[in-house]
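Comments concern the structure below.
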Amino acid sequence: MKPTFLTLIGIFYAGITFSQVKSTESVSKTEAVADKPAEPFIKEIRDIVKTNSLFRDKLNWNEIDGNIKTLSVGMKTTNDTKPVIDYIISELRKVGDKHSFFMSVAATTNYSSPTKKLEGATSKLLPGDIGYINVPQFGSVNDSAMTVYAQNIQNLIKDLDTKNNIKGWIIDLRKNTGGNMYPMITGLGPLLDKGTLGYFVSNNKKNPWKLMEKGEKMWSNNAYVPNAYKLKKRPERIALLIGGRTASSGEFTLVSFIGQDNTRLFGQPTAGYTTGNRTYVLSNGSSLMLSTSNAADRDKKDHLGAINPDVLVEQSTNKDADIEIASKWILGF
């Protein structure tokens, strides 16, 4: 088993979002190996959960070990172990972990693939000279893909800022279901303070995540842009739009803005996937994405569960009420 640390960042996988924590070993190096016996593979997963899960102390391990023993009767190879893996994940769900999940060998390989088609950010100028950036999920740990995604966001910000007299910015995270938060943070770098933006909290220890810049480069963890943009002037107001689909890395991205001057959250409560998933590459090339920490903002306030907006907006079917209310705040109405 090879642990990698991926920053709480989220992406949809089998209907589940997840986040990552800082990567010390690239998943792209993972190679499928010959199938192995079931028993040591099951023990490998069980031991990882018992040692590292954020929720490990809430689990009844005597009962779990007995049920694993019963479920694993007759299992010979790792391909047979899905019922046991599903059972362990279901026990985590019962004690509040809605974020951890298992990835097959194929899914693990796909997640690090540079050829995977990924959605890019979009932008537009709103009435009143407000810059609008829509930041979608980003589901990859591939270096080149991270740079392309982040640089695209910075280029969109640059285009709006250089061609207009921007009064304020709206960042739309309402459909951002997660994936890898670092390219999101790096892409939004021109709108963010530099330095520590938040913390991963585990065992009463707080490990920071940061946004850094030097010369023309800007980076967060291993996601960087070679041609970073600096705004013509510091934003007077920044509004973040959030909702029930804002999850995992999308939530960690918004946490990165909490505590920044002249920044407010608008919309509906988020999905509540505010735990950081650490990636454990298993002996057969599959992965266990395990929640090992929760989020805290730059002021060290913990966030575990849904994040509420500063301004709760009543939704409408005939207009975008979030943009309307956020725009009024930016323009001082």
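If you're wondering about the labels, chains in the structure tokens are A, B, ... by order shown, residues count from 1 in each chain, ligands from 1 in order shown.
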Exercise. Which of range 149-275 of chain A counts as strand (DSSP E) under DSSP, as a VMD selection string please?
Worked result: chain A and resid 168 to 172 195 to 202 205 to 214 217 to 220 223 to 225 238 to 242 263 to 267 275
Show me, as JSON lines, the residues of range 115-225 of chain A having an atom within 10 Å of range 43-62 of chain A, each with the closest atom pair and its distance in Å, using only C-alpha atoms.
{"residue": "A:Val201", "atom": "CA", "partner": "A:Leu54", "partner_atom": "CA", "distance": 9.5}
{"residue": "A:Ser202", "atom": "CA", "partner": "A:Leu54", "partner_atom": "CA", "distance": 7.0}
{"residue": "A:Asn203", "atom": "CA", "partner": "A:Leu54", "partner_atom": "CA", "distance": 8.2}
Seminar exercise, completed: With distances taken over only C-alpha atoms, the candidate from A:Ile330, A:Val255, A:Ala121, A:Val281 nearest Ala296 in chain A is A:Val255
Exercise. As number ranges by chain, which residues of range 138-199 of chain A does DSSP assign to helix (DSSP H, G or I)?
Worked result: A: 143-163, 181-187, 189-191
For this session: Considering only C-alpha atoms, return as a list of chain:residue names whatever protein or nucleic-acid residues lie within 6 Å of range 142-151 of chain A, sequence-local ones (same chain, fewer than 3 positions apart) excluded.
Result: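 My reading of the contact set: A:Ser112, A:Pro114, A:Gln154, A:Pro183, A:Thr186, A:Gly187, A:Ala223, A:Tyr224, A:Val225.
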Problem set entry | Spatial neighbours of range 320-328 of chain A, 7 Å, only C-alpha atoms, chain gap at least 3 places, as JSON, numbers by chain | {"A": [239, 241, 266, 267, 313, 315, 316, 331, 332, 333]}
For this session: Fewer than 6 positions away in the same chain doesn't count, so skip those; otherwise give me all residues within 10 Å of Asp297 in chain A, counting only C-alpha atoms, as a list of chain:residue names.
Result: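 The filter keeps A:Thr196, A:Leu197, A:Gly198, A:Tyr199, A:Phe200, A:Pro208, A:Trp209, A:Phe252, A:Leu254, A:Val255, A:Ser256, A:Phe257, A:Ile258, A:Gly259, A:His303.
Going from CA of Asp159 in chain A over to CA of Gln260 in chain A, you cover 23.5 Å.
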Problem set entry | Residues near range 70-74 of chain A, cut-off 9 Å, only C-alpha atoms, skip fewer than 3 positions along chain, as a PyMOL selection string | chain A and resi 38-39+42+65-67+80-81+83-84+87
Seminar exercise, completed: Using only C-alpha atoms, the shortest atom-to-atom distance to Lys230 in chain A among A:Leu192, A:Ile130, A:Ala247, A:Ile89 belongs to A:Leu192
